[in-house]
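Here's the structure we're looking at; comments come further down.
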Amino acid sequence: MTLEILAAAILIVAIGWRTRRWRAIGAPVAVGIGVIAALGARAYVNSQGLAYDPAPWKLWVWSAIFAASIALAVLGFRGARWWRRGLSIAAIPFTLLCALVALNNWVGYYPTLQRAWGDLTSGPLPDQTDVSDLAALRGPRPETGKLVPVDIPGEASGFNHRREFVYLPPIWFTGDAPPRLPAVMMIAGEFSNPTNWMRTGNAIGVIDEYAKAHGGAAPLFVFVDSSGSFNNDTECVNGPRGNAADHLTKDVRPYVISGFAASPDPADWGVVGWSMGGTCAIDLTVMHPDMFSTFDDIGGDRGPNSGTKQQTINRLYGGDAAAWAAFDPRTVMANHGPYVGVAGYFDDSQEPAVDKTKNLPDRKQQREAPVGFGGHDDADEFREKGALPDLCAAAVAVNIECSLRVYPGYHTWQFAAQAFANALPWLAQRVHTPGA
């Protein structure tokens with residue numbers, strides 16, 4: 001609210017009363033440019049299926065104001081006084097910041113300025129160290145694990161991805177050579193980057209605590225890039241948006257096995273995902289039981305989703321309906337038949353019941369928590385209610401062990417972080433972590 005009031009005040013003074021021509025032509029043209037720009041951005045998001053829930057109106061309002069502030073600075077610069085020119089230029093970053101805050105309130109990735117700044121500046125992550133320093137760390141077991149940034153070659157998939165990360169538990173550093181340890185692939189939601197699980201989901205702190213309680217033992221964790229860019233929602237499939245599935249199975253998994261001595265046994269591999277990543281987790285496991293045996297689907301959908309079924313086929317698979325079926329978890333499970341040694345853990349959120357004792361409109365009570373965290377709205381008409389129980393039932397039908405846990409709360413990163421922390425002991429046991 002403080003930012004919005006400050007930005008609005010600067011913009012109003014920058015616009016000013018000025019001349020009759022400015023009031024009749026200059027200012028209205030700038031406002032029109034802002035509206036057109038916001039409508040264009042909204043149409044692009046909808047056409048690409050980047051989020052199947054509507055963005056909050058405030059995001060589009062501030063997007064329009066930001067675009068209008070640029071137009072106002074350009075159109076009104078020539079005839080304005082020096083101080084008004086300065087304010088016109090200052091209004092641009094302030095209105096941009098307000099638009100970014102509205103965006104963050106929707107996707108919910110940065111609860112603090114410190115975390116946002118760390119992501120923006122690529123600041124160091126917890127336990128981060130370089131590959132070149134690993135050899136010197138061998139010997140006495142360190143107190144915590146180490147997080148290694150890696151640039152995984154993408155020759156097999158051709159997928160253009162960002163830097164990814166591998167977490168090595170303390171036990172990995174004991175002895176002359178790394179032990180064969182199980183591995184877990186960590187996938188974030190749409191509108192994401194590989195650091196989200198660490199900066200917002202507190203994954204490193206949770207894993208370090210687990211390792212500390214188990215003599216330094218924990219699985220290797222690889223934090224992957226399933227999208228390639230912030231707004232490229234691949235849903236971890238192969239298609240026009242990139243061969244994300246091939247990247248995870250043909251690039252990442254072999255790299256972790258060869259580069260960090262992870263076990264190649266599919267019984268020692270798991271996948272954890274949040275929101276879109278939850279869909280990826282079950283999809284990768286049921287499609288590739290020869291690579292993965294365990295998954296934790298946190299708040300995922302019934303299948304890869306980019307709108308309606310036909311929109312999804314068009315957007316994710318270039319119109320290929322057979323490709324849709326090849327990546328649909330329930331279709332894959334039904335066609336595969338009984339699985340052997342595969343298990344899944346489903347974590348779902350359920351909005352708290354409305355407290356009728358509060359003298360508030362129902363909608364106000366339902367919206368006490370921020371809406372749309374993770375790129376998914378909590379409104380009934382947009383969330384795929386009952387997706388995880390449906391998937392659990394389909395999994396049980398083909399001999400996949402299923403556990404379902406429902407949390408009171410909202411589809412937020414806070415829910416994802418708690419779900420992962422609670423599932424980690426089960427996950428570590430499933431992938432045969434020493435001492436689990």
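Labeling convention for the structure tokens: chains A, B, ... as they appear, residues from 1 per chain, ligands from 1 in order of appearance.
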For the structure I just gave you, how does DSSP split stretch 166-323 of chain A - specifically, which residues are alpha helix (DSSP H)? Reply as a ChimeraX atom specification.
/A:196-199,203-213,244-246,253-260,276-287,309-317,321-323
Show me, as a list in words, the residues that have an atom within 8 Å of A:Phe173 when counting only C-alpha atoms, minus same-chain residues fewer than 6 positions from it.
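The filter keeps Leu137, Arg138, Gly139, Pro140, Arg141 and Pro142 of chain A.
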Per residue of stretch 269-297 of chain A within 10 Å of stretch 224-233 of chain A, note the shortest atom pair and the distance in Å to one decimal, counting only C-alpha atoms, and order the rows by chain and increasing residue number, as a Markdown table.
| residue | atom | partner | partner_atom | distance |
| --- | --- | --- | --- | --- |
| A:Met276 | CA | A:Asp233 | CA | 8.6 |
| A:Gly277 | CA | A:Ser226 | CA | 8.4 |
| A:Cys280 | CA | A:Ser226 | CA | 9.0 |
Output for the residues just chosen: C-alpha atoms as a compact mmCIF listing (two decimals), in the first residue's frame:
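Here's the written file again_9.txt:
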# COMPACT_ATOMS: atom_id res chain seq x y z
CA MET A 276 3.00 -28.01 -11.75
CA GLY A 277 6.03 -29.89 -10.42
CA CYS A 280 5.63 -33.72 -13.23
Skip A:Pro153 itself and residues of its chain fewer than 4 positions away, then list as a VMD selection string all residues within 9 Å of it, counting only C-alpha atoms.
chain A and resid 158 251 to 252 255
Residue neighbourhood A:Gln350, 8 Å, only C-alpha atoms, exclusion window fewer than 2 positions, as a PyMOL selection string
chain A and resi 348+352+406-410
With the cut-off set at 10 Å and counting only C-alpha atoms, tabulate each residue of stretch 212-287 of chain A with an atom at most that distance from an atom of stretch 181-200 of chain A, showing the nearest atom pair and its distance in Å to one decimal, ordered by chain and increasing number, as JSON lines.
{"residue": "A:Ala217", "atom": "CA", "partner": "A:Leu181", "partner_atom": "CA", "distance": 8.9}
{"residue": "A:Ala218", "atom": "CA", "partner": "A:Leu181", "partner_atom": "CA", "distance": 8.0}
{"residue": "A:Pro219", "atom": "CA", "partner": "A:Pro182", "partner_atom": "CA", "distance": 5.0}
{"residue": "A:Leu220", "atom": "CA", "partner": "A:Ala183", "partner_atom": "CA", "distance": 4.5}
{"residue": "A:Phe221", "atom": "CA", "partner": "A:Val184", "partner_atom": "CA", "distance": 4.8}
{"residue": "A:Val222", "atom": "CA", "partner": "A:Met185", "partner_atom": "CA", "distance": 5.0}
{"residue": "A:Phe223", "atom": "CA", "partner": "A:Met186", "partner_atom": "CA", "distance": 4.8}
{"residue": "A:Val224", "atom": "CA", "partner": "A:Pro194", "partner_atom": "CA", "distance": 5.5}
{"residue": "A:Asp225", "atom": "CA", "partner": "A:Pro194", "partner_atom": "CA", "distance": 5.2}
{"residue": "A:Ser226", "atom": "CA", "partner": "A:Ile187", "partner_atom": "CA", "distance": 7.0}
{"residue": "A:Ser227", "atom": "CA", "partner": "A:Ser192", "partner_atom": "CA", "distance": 7.6}
{"residue": "A:Gly228", "atom": "CA", "partner": "A:Asn193", "partner_atom": "CA", "distance": 8.0}
{"residue": "A:Ser229", "atom": "CA", "partner": "A:Asn193", "partner_atom": "CA", "distance": 7.2}
{"residue": "A:Phe230", "atom": "CA", "partner": "A:Phe191", "partner_atom": "CA", "distance": 4.8}
{"residue": "A:Asn231", "atom": "CA", "partner": "A:Phe191", "partner_atom": "CA", "distance": 5.3}
{"residue": "A:Asn232", "atom": "CA", "partner": "A:Phe191", "partner_atom": "CA", "distance": 7.3}
{"residue": "A:Asp233", "atom": "CA", "partner": "A:Glu190", "partner_atom": "CA", "distance": 5.6}
{"residue": "A:Thr234", "atom": "CA", "partner": "A:Glu190", "partner_atom": "CA", "distance": 8.2}
{"residue": "A:Glu235", "atom": "CA", "partner": "A:Glu190", "partner_atom": "CA", "distance": 7.7}
{"residue": "A:Cys236", "atom": "CA", "partner": "A:Ile187", "partner_atom": "CA", "distance": 9.3}
{"residue": "A:Leu248", "atom": "CA", "partner": "A:Met185", "partner_atom": "CA", "distance": 8.7}
{"residue": "A:Val252", "atom": "CA", "partner": "A:Met185", "partner_atom": "CA", "distance": 8.9}
{"residue": "A:Arg253", "atom": "CA", "partner": "A:Met185", "partner_atom": "CA", "distance": 8.5}
{"residue": "A:Val256", "atom": "CA", "partner": "A:Ala183", "partner_atom": "CA", "distance": 8.3}
{"residue": "A:Ile257", "atom": "CA", "partner": "A:Ala183", "partner_atom": "CA", "distance": 8.8}
{"residue": "A:Phe260", "atom": "CA", "partner": "A:Leu181", "partner_atom": "CA", "distance": 9.1}
{"residue": "A:Ala261", "atom": "CA", "partner": "A:Leu181", "partner_atom": "CA", "distance": 7.2}
{"residue": "A:Ala262", "atom": "CA", "partner": "A:Leu181", "partner_atom": "CA", "distance": 5.1}
{"residue": "A:Ser263", "atom": "CA", "partner": "A:Pro182", "partner_atom": "CA", "distance": 5.4}
{"residue": "A:Pro264", "atom": "CA", "partner": "A:Pro182", "partner_atom": "CA", "distance": 8.3}
{"residue": "A:Asp265", "atom": "CA", "partner": "A:Pro182", "partner_atom": "CA", "distance": 8.3}
{"residue": "A:Pro266", "atom": "CA", "partner": "A:Pro182", "partner_atom": "CA", "distance": 9.1}
{"residue": "A:Ala267", "atom": "CA", "partner": "A:Pro182", "partner_atom": "CA", "distance": 8.5}
{"residue": "A:Asp268", "atom": "CA", "partner": "A:Pro182", "partner_atom": "CA", "distance": 4.7}
{"residue": "A:Trp269", "atom": "CA", "partner": "A:Ala183", "partner_atom": "CA", "distance": 5.1}
{"residue": "A:Gly270", "atom": "CA", "partner": "A:Val184", "partner_atom": "CA", "distance": 4.6}
{"residue": "A:Val271", "atom": "CA", "partner": "A:Met185", "partner_atom": "CA", "distance": 4.6}
{"residue": "A:Val272", "atom": "CA", "partner": "A:Met186", "partner_atom": "CA", "distance": 5.0}
{"residue": "A:Gly273", "atom": "CA", "partner": "A:Ile187", "partner_atom": "CA", "distance": 4.6}
{"residue": "A:Trp274", "atom": "CA", "partner": "A:Ala188", "partner_atom": "CA", "distance": 5.4}
{"residue": "A:Ser275", "atom": "CA", "partner": "A:Gly189", "partner_atom": "CA", "distance": 5.0}
{"residue": "A:Met276", "atom": "CA", "partner": "A:Gly189", "partner_atom": "CA", "distance": 4.5}
{"residue": "A:Gly277", "atom": "CA", "partner": "A:Ile187", "partner_atom": "CA", "distance": 4.8}
{"residue": "A:Gly278", "atom": "CA", "partner": "A:Ile187", "partner_atom": "CA", "distance": 7.6}
{"residue": "A:Thr279", "atom": "CA", "partner": "A:Gly189", "partner_atom": "CA", "distance": 9.2}
{"residue": "A:Cys280", "atom": "CA", "partner": "A:Ile187", "partner_atom": "CA", "distance": 7.5}
{"residue": "A:Ala281", "atom": "CA", "partner": "A:Ile187", "partner_atom": "CA", "distance": 7.6}
Quick one: distance from atom CA of A:Gly318 to atom CA of A:Ser157 in Å, one decimal?
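Pair atom CA of A:Gly318 / atom CA of A:Ser157 returns 17.5 Å.
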Write out as a list in words each polymer residue whose atoms come within 12 Å of A:Pro111, counting only C-alpha atoms; drop sequence neighbours fewer than 6 positions from it.
Val101, Asn104, Asn105, Trp117, Asn196, Arg199, Thr200, Gly201, Asn202, Pro370, Phe373, Thr412, Trp413 and Gln414 of chain A
DSSP on the backbone, then: every residue of stretch 81-235 of chain A marked strand (DSSP E or B), written as a PDB file with N, CA and C atoms, in the first residue's frame.
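Produced file part_30.pdb, reproduced below:
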ATOM      1  N   GLN A 128      26.087 -23.321  -0.361  1.00  0.00           N
ATOM      2  CA  GLN A 128      26.592 -23.331  -1.741  1.00  0.00           C
ATOM      3  C   GLN A 128      28.119 -23.362  -1.788  1.00  0.00           C
ATOM      4  N   LYS A 146      26.481 -29.824   1.051  1.00  0.00           N
ATOM      5  CA  LYS A 146      26.950 -28.765   0.161  1.00  0.00           C
ATOM      6  C   LYS A 146      26.079 -28.722  -1.087  1.00  0.00           C
ATOM      7  N   LEU A 147      25.797 -27.506  -1.517  1.00  0.00           N
ATOM      8  CA  LEU A 147      24.973 -27.278  -2.698  1.00  0.00           C
ATOM      9  C   LEU A 147      25.867 -26.824  -3.842  1.00  0.00           C
ATOM     10  N   VAL A 148      25.843 -27.564  -4.941  1.00  0.00           N
ATOM     11  CA  VAL A 148      26.761 -27.317  -6.041  1.00  0.00           C
ATOM     12  C   VAL A 148      25.989 -26.842  -7.275  1.00  0.00           C
ATOM     13  N   PRO A 149      26.268 -25.638  -7.783  1.00  0.00           N
ATOM     14  CA  PRO A 149      25.659 -25.219  -9.054  1.00  0.00           C
ATOM     15  C   PRO A 149      26.294 -25.977 -10.210  1.00  0.00           C
ATOM     16  N   VAL A 150      25.467 -26.452 -11.118  1.00  0.00           N
ATOM     17  CA  VAL A 150      25.961 -27.256 -12.243  1.00  0.00           C
ATOM     18  C   VAL A 150      25.326 -26.778 -13.542  1.00  0.00           C
ATOM     19  N   GLU A 164      21.374 -25.378 -12.833  1.00  0.00           N
ATOM     20  CA  GLU A 164      20.701 -26.251 -11.877  1.00  0.00           C
ATOM     21  C   GLU A 164      21.627 -26.536 -10.696  1.00  0.00           C
ATOM     22  N   PHE A 165      21.125 -27.254  -9.684  1.00  0.00           N
ATOM     23  CA  PHE A 165      21.882 -27.418  -8.441  1.00  0.00           C
ATOM     24  C   PHE A 165      21.776 -28.852  -7.942  1.00  0.00           C
ATOM     25  N   VAL A 166      22.877 -29.336  -7.358  1.00  0.00           N
ATOM     26  CA  VAL A 166      22.910 -30.665  -6.751  1.00  0.00           C
ATOM     27  C   VAL A 166      23.310 -30.517  -5.287  1.00  0.00           C
ATOM     28  N   TYR A 167      22.498 -31.079  -4.405  1.00  0.00           N
ATOM     29  CA  TYR A 167      22.814 -31.091  -2.967  1.00  0.00           C
ATOM     30  C   TYR A 167      23.505 -32.400  -2.622  1.00  0.00           C
ATOM     31  N   LEU A 168      24.689 -32.291  -1.974  1.00  0.00           N
ATOM     32  CA  LEU A 168      25.458 -33.449  -1.548  1.00  0.00           C
ATOM     33  C   LEU A 168      25.412 -33.522  -0.024  1.00  0.00           C
ATOM     34  N   LEU A 181      24.806 -43.240  -3.347  1.00  0.00           N
ATOM     35  CA  LEU A 181      23.656 -42.763  -2.589  1.00  0.00           C
ATOM     36  C   LEU A 181      22.428 -42.652  -3.486  1.00  0.00           C
ATOM     37  N   ALA A 183      19.007 -40.749  -4.960  1.00  0.00           N
ATOM     38  CA  ALA A 183      18.860 -39.371  -5.442  1.00  0.00           C
ATOM     39  C   ALA A 183      17.385 -39.018  -5.581  1.00  0.00           C
ATOM     40  N   VAL A 184      17.096 -37.738  -5.397  1.00  0.00           N
ATOM     41  CA  VAL A 184      15.736 -37.215  -5.516  1.00  0.00           C
ATOM     42  C   VAL A 184      15.761 -35.989  -6.406  1.00  0.00           C
ATOM     43  N   MET A 185      14.880 -35.954  -7.386  1.00  0.00           N
ATOM     44  CA  MET A 185      14.751 -34.814  -8.283  1.00  0.00           C
ATOM     45  C   MET A 185      13.698 -33.865  -7.735  1.00  0.00           C
ATOM     46  N   MET A 186      14.015 -32.568  -7.631  1.00  0.00           N
ATOM     47  CA  MET A 186      13.118 -31.564  -7.062  1.00  0.00           C
ATOM     48  C   MET A 186      12.647 -30.614  -8.166  1.00  0.00           C
ATOM     49  N   ILE A 187      11.325 -30.501  -8.345  1.00  0.00           N
ATOM     50  CA  ILE A 187      10.754 -29.699  -9.423  1.00  0.00           C
ATOM     51  C   ILE A 187       9.806 -28.662  -8.829  1.00  0.00           C
ATOM     52  N   LEU A 220      21.012 -37.654  -2.307  1.00  0.00           N
ATOM     53  CA  LEU A 220      21.393 -36.515  -3.132  1.00  0.00           C
ATOM     54  C   LEU A 220      20.100 -35.866  -3.625  1.00  0.00           C
ATOM     55  N   PHE A 221      20.096 -34.551  -3.742  1.00  0.00           N
ATOM     56  CA  PHE A 221      18.936 -33.847  -4.280  1.00  0.00           C
ATOM     57  C   PHE A 221      19.394 -33.002  -5.460  1.00  0.00           C
ATOM     58  N   VAL A 222      18.677 -33.108  -6.570  1.00  0.00           N
ATOM     59  CA  VAL A 222      19.004 -32.294  -7.735  1.00  0.00           C
ATOM     60  C   VAL A 222      17.826 -31.365  -8.017  1.00  0.00           C
ATOM     61  N   PHE A 223      18.101 -30.066  -7.978  1.00  0.00           N
ATOM     62  CA  PHE A 223      17.076 -29.032  -8.182  1.00  0.00           C
ATOM     63  C   PHE A 223      17.124 -28.621  -9.645  1.00  0.00           C
TER      64      PHE A 223
END
Skipping near chain neighbours, those fewer than 5 positions away, what residues fall within 8 Å of stretch 394-396 of chain A using only C-alpha atoms, listed as a VMD selection string?
chain A and resid 330 333 to 334 401 to 402
How about saving the chosen residues, C-alpha atoms kept, as an mmCIF file, in the first residue's frame?
data_model
loop_
_atom_site.group_PDB
_atom_site.id
_atom_site.type_symbol
_atom_site.label_atom_id
_atom_site.label_comp_id
_atom_site.auth_asym_id
_atom_site.auth_seq_id
_atom_site.Cartn_x
_atom_site.Cartn_y
_atom_site.Cartn_z
ATOM 1 C CA ARG A 330 -4.134 -41.823 -15.670
ATOM 2 C CA MET A 333 -1.091 -45.985 -15.650
ATOM 3 C CA ALA A 334 -4.076 -47.727 -17.213
ATOM 4 C CA GLU A 401 1.176 -47.825 -3.131
ATOM 5 C CA CYS A 402 -0.540 -44.542 -2.306
#
Just the number, please: distance in Å from atom CA of A:Ala211 to atom CA of A:Pro169, one decimal.
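Value for the atom CA of A:Ala211-atom CA of A:Pro169 distance: 6.9 Å.
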Write out as a list in words the residues lying within 10 Å of A:Thr249, counting only C-alpha atoms and excluding same-chain residues fewer than 6 positions away.
Ala156, Ser157, Tyr255, Leu284, His288, Met291 and Phe292 of chain A
Can you spit out the residues from that selection as an mmCIF file, in the first residue's frame, using C-alpha atoms?
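Writing done, so here's out-v8.cif:
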data_model
loop_
_atom_site.group_PDB
_atom_site.id
_atom_site.type_symbol
_atom_site.label_atom_id
_atom_site.label_comp_id
_atom_site.auth_asym_id
_atom_site.auth_seq_id
_atom_site.Cartn_x
_atom_site.Cartn_y
_atom_site.Cartn_z
ATOM 1 C CA ALA A 156 20.303 -35.461 -25.560
ATOM 2 C CA SER A 157 17.246 -33.217 -25.231
ATOM 3 C CA TYR A 255 24.633 -36.544 -15.271
ATOM 4 C CA LEU A 284 7.838 -38.983 -14.684
ATOM 5 C CA HIS A 288 9.539 -44.222 -16.433
ATOM 6 C CA MET A 291 14.180 -44.736 -13.781
ATOM 7 C CA PHE A 292 12.077 -43.723 -10.756
#
Nearest residue to A:Asn160 from the set A:Thr121, A:Thr331, A:Ser293, A:Asn243 (distances using only C-alpha atoms):
A:Asn243
